[in-house]
>>> print(open('entry16.cif').read())   # mmCIF, C-alpha atoms and all ligand atoms
data_input
loop_
_atom_site.group_PDB
_atom_site.id
_atom_site.type_symbol
_atom_site.label_atom_id
_atom_site.label_comp_id
_atom_site.auth_asym_id
_atom_site.auth_seq_id
_atom_site.Cartn_x
_atom_site.Cartn_y
_atom_site.Cartn_z
ATOM 1 C CA MET L 1 0.000 0.000 0.000
ATOM 2 C CA GLN L 2 1.021 3.635 -0.346
ATOM 3 C CA ALA L 3 2.590 5.324 2.659
ATOM 4 C CA LEU L 4 0.075 7.130 4.866
ATOM 5 C CA THR L 5 0.570 10.087 7.141
ATOM 6 C CA GLU L 6 -0.514 9.996 10.760
ATOM 7 C CA ARG L 7 -3.403 12.300 9.873
ATOM 8 C CA GLN L 8 -4.563 10.032 7.034
ATOM 9 C CA VAL L 9 -4.557 7.038 9.364
ATOM 10 C CA ARG L 10 -6.642 8.856 11.978
ATOM 11 C CA ARG L 11 -9.086 10.223 9.382
ATOM 12 C CA SER L 12 -9.505 6.800 7.735
ATOM 13 C CA LEU L 13 -11.402 5.215 10.641
ATOM 14 C CA VAL L 14 -15.083 4.943 9.774
ATOM 15 C CA ASN L 15 -16.496 3.455 12.974
ATOM 16 C CA CYS L 16 -15.148 5.570 15.795
ATOM 17 C CA SER L 17 -15.591 9.159 16.904
ATOM 18 C CA ARG L 18 -13.211 11.940 15.946
ATOM 19 C CA GLY L 19 -12.119 12.061 19.581
ATOM 20 C CA GLU L 20 -11.254 8.371 19.662
ATOM 21 C CA ALA L 21 -9.416 8.613 16.345
ATOM 22 C CA ASP L 22 -7.397 11.596 17.576
ATOM 23 C CA GLY L 23 -6.599 9.854 20.847
ATOM 24 C CA LEU L 24 -5.390 6.506 19.548
ATOM 25 C CA ALA L 25 -1.725 5.545 19.706
ATOM 26 C CA LEU L 26 -0.079 4.706 16.392
ATOM 27 C CA PRO L 27 1.938 1.502 16.067
ATOM 28 C CA VAL L 28 5.429 1.562 17.499
ATOM 29 C CA GLY L 29 7.829 2.319 14.642
ATOM 30 C CA PHE L 30 5.153 4.019 12.504
ATOM 31 C CA ALA L 31 7.720 6.388 10.943
ATOM 32 C CA ASP L 32 9.845 3.478 9.725
ATOM 33 C CA LEU L 33 7.141 1.194 8.320
ATOM 34 C CA ASP L 34 7.931 -0.508 5.032
ATOM 35 C CA TRP L 35 4.606 0.332 3.385
ATOM 36 C CA ALA L 36 5.462 -1.447 0.139
ATOM 37 C CA GLU L 37 5.497 -4.720 2.087
ATOM 38 C CA LEU L 38 2.054 -4.110 3.632
ATOM 39 C CA ASP L 39 -1.321 -4.954 2.127
ATOM 40 C CA LEU L 40 -2.954 -3.846 5.316
ATOM 41 C CA LEU L 41 -1.817 -1.978 8.403
ATOM 42 C CA GLY L 42 -3.027 -3.676 11.553
ATOM 43 C CA TRP L 43 -1.961 -2.967 15.114
ATOM 44 C CA ARG L 44 -2.991 -3.086 18.759
ATOM 45 C CA ASP L 45 -3.074 0.269 20.516
ATOM 46 C CA PRO L 46 0.076 0.376 22.669
ATOM 47 C CA LYS L 47 -1.749 2.589 25.210
ATOM 48 C CA ALA L 48 -5.156 0.844 25.225
ATOM 49 C CA PRO L 49 -4.348 -2.860 24.880
ATOM 50 C CA LEU L 50 -7.831 -4.139 23.993
ATOM 51 C CA ARG L 51 -8.144 -1.703 21.112
ATOM 52 C CA GLY L 52 -6.835 -2.344 17.651
ATOM 53 C CA TYR L 53 -7.096 -0.953 14.147
ATOM 54 C CA LEU L 54 -7.062 -2.219 10.584
ATOM 55 C CA VAL L 55 -6.349 0.196 7.746
ATOM 56 C CA LEU L 56 -6.184 -0.657 4.067
ATOM 57 C CA GLU L 57 -6.374 1.117 0.754
ATOM 58 C CA VAL L 58 -9.623 1.059 -1.193
ATOM 59 C CA ASP L 59 -9.778 2.814 -4.587
ATOM 60 C CA GLY L 60 -6.632 4.723 -3.703
ATOM 61 C CA GLU L 61 -8.034 6.008 -0.402
ATOM 62 C CA PRO L 62 -7.222 4.800 3.124
ATOM 63 C CA LEU L 63 -10.101 3.054 4.877
ATOM 64 C CA GLY L 64 -9.835 1.915 8.464
ATOM 65 C CA ILE L 65 -11.879 0.326 11.199
ATOM 66 C CA ALA L 66 -11.410 0.229 14.949
ATOM 67 C CA VAL L 67 -11.799 -3.161 16.619
ATOM 68 C CA ARG L 68 -11.860 -4.328 20.196
ATOM 69 C CA ALA L 69 -10.404 -7.586 21.468
ATOM 70 C CA ALA L 70 -12.376 -9.838 23.804
ATOM 71 C CA ASP L 71 -10.795 -9.761 27.234
ATOM 72 C CA THR L 72 -10.856 -13.528 27.493
ATOM 73 C CA ARG L 73 -8.246 -15.506 25.605
ATOM 74 C CA MET L 74 -8.277 -18.988 24.183
ATOM 75 C CA SER L 75 -5.970 -21.647 25.553
ATOM 76 C CA SER L 76 -2.474 -21.996 24.086
ATOM 77 C CA ARG L 77 -3.109 -25.757 24.019
ATOM 78 C CA THR L 78 -5.802 -25.455 21.361
ATOM 79 C CA THR L 79 -5.345 -24.528 17.708
ATOM 80 C CA ALA L 80 -7.264 -21.641 16.235
ATOM 81 C CA MET L 81 -7.398 -20.038 12.847
ATOM 82 C CA CYS L 82 -7.386 -16.357 11.994
ATOM 83 C CA LEU L 83 -10.353 -15.852 9.704
ATOM 84 C CA LEU L 84 -8.654 -13.014 7.825
ATOM 85 C CA CYS L 85 -5.218 -14.440 6.940
ATOM 86 C CA GLN L 86 -6.275 -18.062 7.544
ATOM 87 C CA THR L 87 -3.152 -18.925 9.475
ATOM 88 C CA ALA L 88 -3.573 -21.714 12.024
ATOM 89 C CA GLN L 89 -1.916 -20.881 15.315
ATOM 90 C CA SER L 90 -2.118 -21.679 18.996
ATOM 91 C CA GLY L 91 -5.357 -20.451 20.532
ATOM 92 C CA ASP L 92 -3.756 -17.648 22.520
ATOM 93 C CA ALA L 93 -2.361 -16.071 19.312
ATOM 94 C CA VAL L 94 -5.881 -15.587 17.909
ATOM 95 C CA SER L 95 -8.514 -13.378 19.500
ATOM 96 C CA LEU L 96 -12.166 -12.588 18.983
ATOM 97 C CA PHE L 97 -12.436 -8.958 17.866
ATOM 98 C CA THR L 98 -15.593 -6.930 17.577
ATOM 99 C CA ALA L 99 -16.084 -3.780 15.537
ATOM 100 C CA ARG L 100 -18.797 -1.246 16.199
ATOM 101 C CA ARG L 101 -21.012 -0.815 13.169
ATOM 102 C CA VAL L 102 -21.144 2.511 11.404
ATOM 103 C CA GLY L 103 -23.966 4.984 12.046
ATOM 104 C CA GLU L 104 -27.112 4.373 14.016
ATOM 105 C CA ALA L 105 -26.553 0.620 14.321
ATOM 106 C CA GLY L 106 -23.247 1.322 16.052
ATOM 107 C CA ARG L 107 -24.754 3.958 18.305
ATOM 108 C CA ASN L 108 -27.287 1.319 19.370
ATOM 109 C CA GLY L 109 -24.431 -0.944 20.400
ATOM 110 C CA ASN L 110 -24.499 -3.138 17.315
ATOM 111 C CA THR L 111 -21.190 -4.858 16.526
ATOM 112 C CA VAL L 112 -19.775 -7.477 14.166
ATOM 113 C CA GLY L 113 -17.107 -9.897 15.294
ATOM 114 C CA THR L 114 -14.544 -12.259 13.880
ATOM 115 C CA TYR L 115 -11.461 -14.202 14.928
ATOM 116 C CA ILE L 116 -8.235 -12.424 13.955
ATOM 117 C CA CYS L 117 -4.541 -12.801 14.815
ATOM 118 C CA ALA L 118 -4.250 -11.263 18.290
ATOM 119 C CA ASP L 119 -1.462 -8.923 17.129
ATOM 120 C CA LEU L 120 -3.426 -7.959 13.941
ATOM 121 C CA ALA L 121 -0.243 -8.623 11.937
ATOM 122 C CA CYS L 122 -2.045 -10.640 9.253
ATOM 123 C CA SER L 123 -0.314 -8.749 6.462
ATOM 124 C CA GLN L 124 3.140 -9.831 7.662
ATOM 125 C CA ARG L 125 1.893 -13.363 8.330
ATOM 126 C CA VAL L 126 0.639 -14.059 4.797
ATOM 127 C CA ARG L 127 4.223 -13.443 3.664
ATOM 128 C CA THR L 128 6.058 -15.412 6.317
ATOM 129 C CA GLU L 129 3.802 -18.298 7.389
ATOM 130 C CA ILE L 130 3.216 -20.390 4.303
ATOM 131 C CA PRO L 131 1.021 -23.439 5.031
ATOM 132 C CA PRO L 132 2.793 -26.786 4.444
ATOM 133 C CA TRP L 133 0.504 -27.760 1.560
ATOM 134 C CA LEU L 134 1.553 -24.650 -0.387
ATOM 135 C CA GLN L 135 5.276 -24.957 0.207
ATOM 136 C CA ASP L 136 6.119 -26.740 -3.041
ATOM 137 C CA ARG L 137 4.688 -23.884 -5.108
ATOM 138 C CA ASP L 138 6.396 -20.692 -6.270
ATOM 139 C CA PRO L 139 6.714 -18.619 -3.045
ATOM 140 C CA ALA L 140 6.117 -15.248 -4.748
ATOM 141 C CA GLU L 141 2.929 -16.549 -6.347
ATOM 142 C CA VAL L 142 1.685 -18.034 -3.063
ATOM 143 C CA VAL L 143 2.324 -14.764 -1.201
ATOM 144 C CA ALA L 144 0.533 -12.725 -3.883
ATOM 145 C CA GLU L 145 -2.430 -15.094 -3.750
ATOM 146 C CA ARG L 146 -2.617 -15.106 0.059
ATOM 147 C CA ALA L 147 -2.290 -11.302 0.168
ATOM 148 C CA GLU L 148 -5.170 -10.949 -2.289
ATOM 149 C CA GLU L 149 -7.337 -13.367 -0.289
ATOM 150 C CA LEU L 150 -6.517 -11.482 2.910
ATOM 151 C CA ARG L 151 -7.598 -8.241 1.275
ATOM 152 C CA GLU L 152 -10.884 -9.763 0.119
ATOM 153 C CA ARG L 153 -11.679 -11.092 3.598
ATOM 154 C CA VAL L 154 -10.823 -7.772 5.239
ATOM 155 C CA LEU L 155 -13.029 -5.958 2.722
ATOM 156 C CA GLY L 156 -15.831 -8.397 3.591
ATOM 157 C CA PHE L 157 -15.415 -7.594 7.287
ATOM 158 C CA VAL L 158 -15.289 -3.846 6.586
ATOM 159 C CA ALA L 159 -18.446 -4.158 4.453
ATOM 160 C CA ALA L 160 -20.252 -5.825 7.384
ATOM 161 C CA VAL L 161 -19.167 -2.943 9.648
ATOM 162 C CA ARG L 162 -20.483 -0.366 7.182
ATOM 163 C CA ARG L 163 -23.721 -2.169 6.294
HETATM 164 ZN ZN ZN M 201 -4.398 -13.169 10.741
#
>>> encode(input="entry16.cif", output="structure tokens", more="lines below")
Ligand SMILES: [Zn+2]
Amino acid sequence: MQALTERQVRRSLVNCSRGEADGLALPVGFADLDWAELDLLGWRDPKAPLRGYLVLEVDGEPLGIAVRAADTRMSSRTTAMCLLCQTAQSGDAVSLFTARRVGEAGRNGNTVGTYICADLACSQRVRTEIPPWLQDRDPAEVVAERAEELRERVLGFVAAVRR
């Protein structure tokens, strides 16, 4: 994705108030991000640990949503799958996140939820964690395919938030 300024990131969030967007903490190392290697910027708020954000580019414009992690975690002895990047991991590395819906639905407390990597680093994971059954294929092709699928799933989640 194209590099974003701090202001663009804050303004991109469609499901939180201006005050919340202005108050959030950007990811550690924001100034040094390698944007070309990101299909999606996802991070947990370093100052408000249950909060997180996902920002991607849609039609050349940044579009972001604020999410909130459940405060209960799954056991590290179970296996769970992130429903965005579809990486299977130990249960404690995946969390249930909810996003407040846009507009009146959100004001009435309406949310949508899904299981996502607890650190919201799906974009890095589609490049580094290649499932065993894909490992005999061309790595660049597999990464491109997984990145595209990640983007489609995130867009599906964002669409549910905005519906
Ligand atoms: Zn993930």
>>> resolve_selection(input="entry16.cif", expression="the PyMOL selection byres (((chain L and resi 47-50) around 6) and not hetatm)", output="VMD selection string")
chain L and resid 45 to 46 51 68 to 69
>>> resolve_selection(input="entry16.cif", expression="the PyMOL selection byres (((chain L and resi 120) around 9) and not hetatm)", output="VMD selection string")
chain L and resid 41 to 44 52 to 54 94 116 to 119 121 to 123
>>> residues_near_point(input="entry16.cif", point="(2.8, -15.4, 2.8)", cutoff="9 Å", atoms="only C-alpha atoms", output="number ranges by chain")
L: 123-131, 139-140, 142-147
>>> closest_residue(input="entry16.cif", among="L:Leu96, L:Val112, L:Leu150, L:Leu26", to="Val9 (chain L)", atoms="all atoms listed in the file")
L:Leu26
>>> residues_around(input="entry16.cif", residues="Gly106 (chain L)", least_positions_apart="2", cutoff="12 Å", atoms="all atoms listed in the file", output="PyMOL selection string")
chain L and resi 14-17+66+98-104+108-112+160-163
>>> residues_near_point(input="entry16.cif", point="(-0.3, -2.9, 1.0)", cutoff="10 Å", atoms="all atoms listed in the file", output="PyMOL selection string")
chain L and resi 1-3+34-41+55-57+123+147-148+151
>>> closest_residue(input="entry16.cif", among="L:Arg153, L:Arg11, L:Arg137, L:Arg107", to="ligand ZN 201 (chain M)", atoms="all atoms listed in the file")
L:Arg153
>>> closest_residue(input="entry16.cif", among="L:Ser75, L:Thr114, L:Gln86, L:Ser95", to="ligand ZN 201 (chain M)", atoms="all atoms listed in the file")
L:Gln86
>>> axis_aligned_box(input="entry16.cif", around="region 99-114 of chain L", padding_each_side="8 Å", output="lines of an AutoDock Vina configuration file")
center_x = -20.9
center_y = -3.6
center_z = 15.9
size_x = 28.7
size_y = 33.2
size_z = 25.0
>>> atom_distance(input="entry16.cif", atom1="CA of Ala105 (chain L)", atom2="CA of Ala21 (chain L)")
19.0 Å
>>> closest_residue(input="entry16.cif", among="L:Cys85, L:Leu4, L:Leu63, L:Ala80", to="ligand ZN 201 (chain M)", atoms="all atoms listed in the file")
L:Cys85
>>> closest_residue(input="entry16.cif", among="L:Thr87, L:Val58, L:Gly19, L:Gly29", to="ligand ZN 201 (chain M)", atoms="all atoms listed in the file")
L:Thr87
>>> closest_residue(input="entry16.cif", among="L:Phe30, L:Phe157, L:Tyr115, L:Phe97", to="ligand ZN 201 (chain M)", atoms="only C-alpha atoms and all ligand atoms")
L:Tyr115
>>> atom_distance(input="entry16.cif", atom1="CA of Gln8 (chain L)", atom2="CA of Pro62 (chain L)")
7.1 Å
>>> atom_distance(input="entry16.cif", atom1="CA of Leu83 (chain L)", atom2="CA of Asp71 (chain L)")
18.6 Å
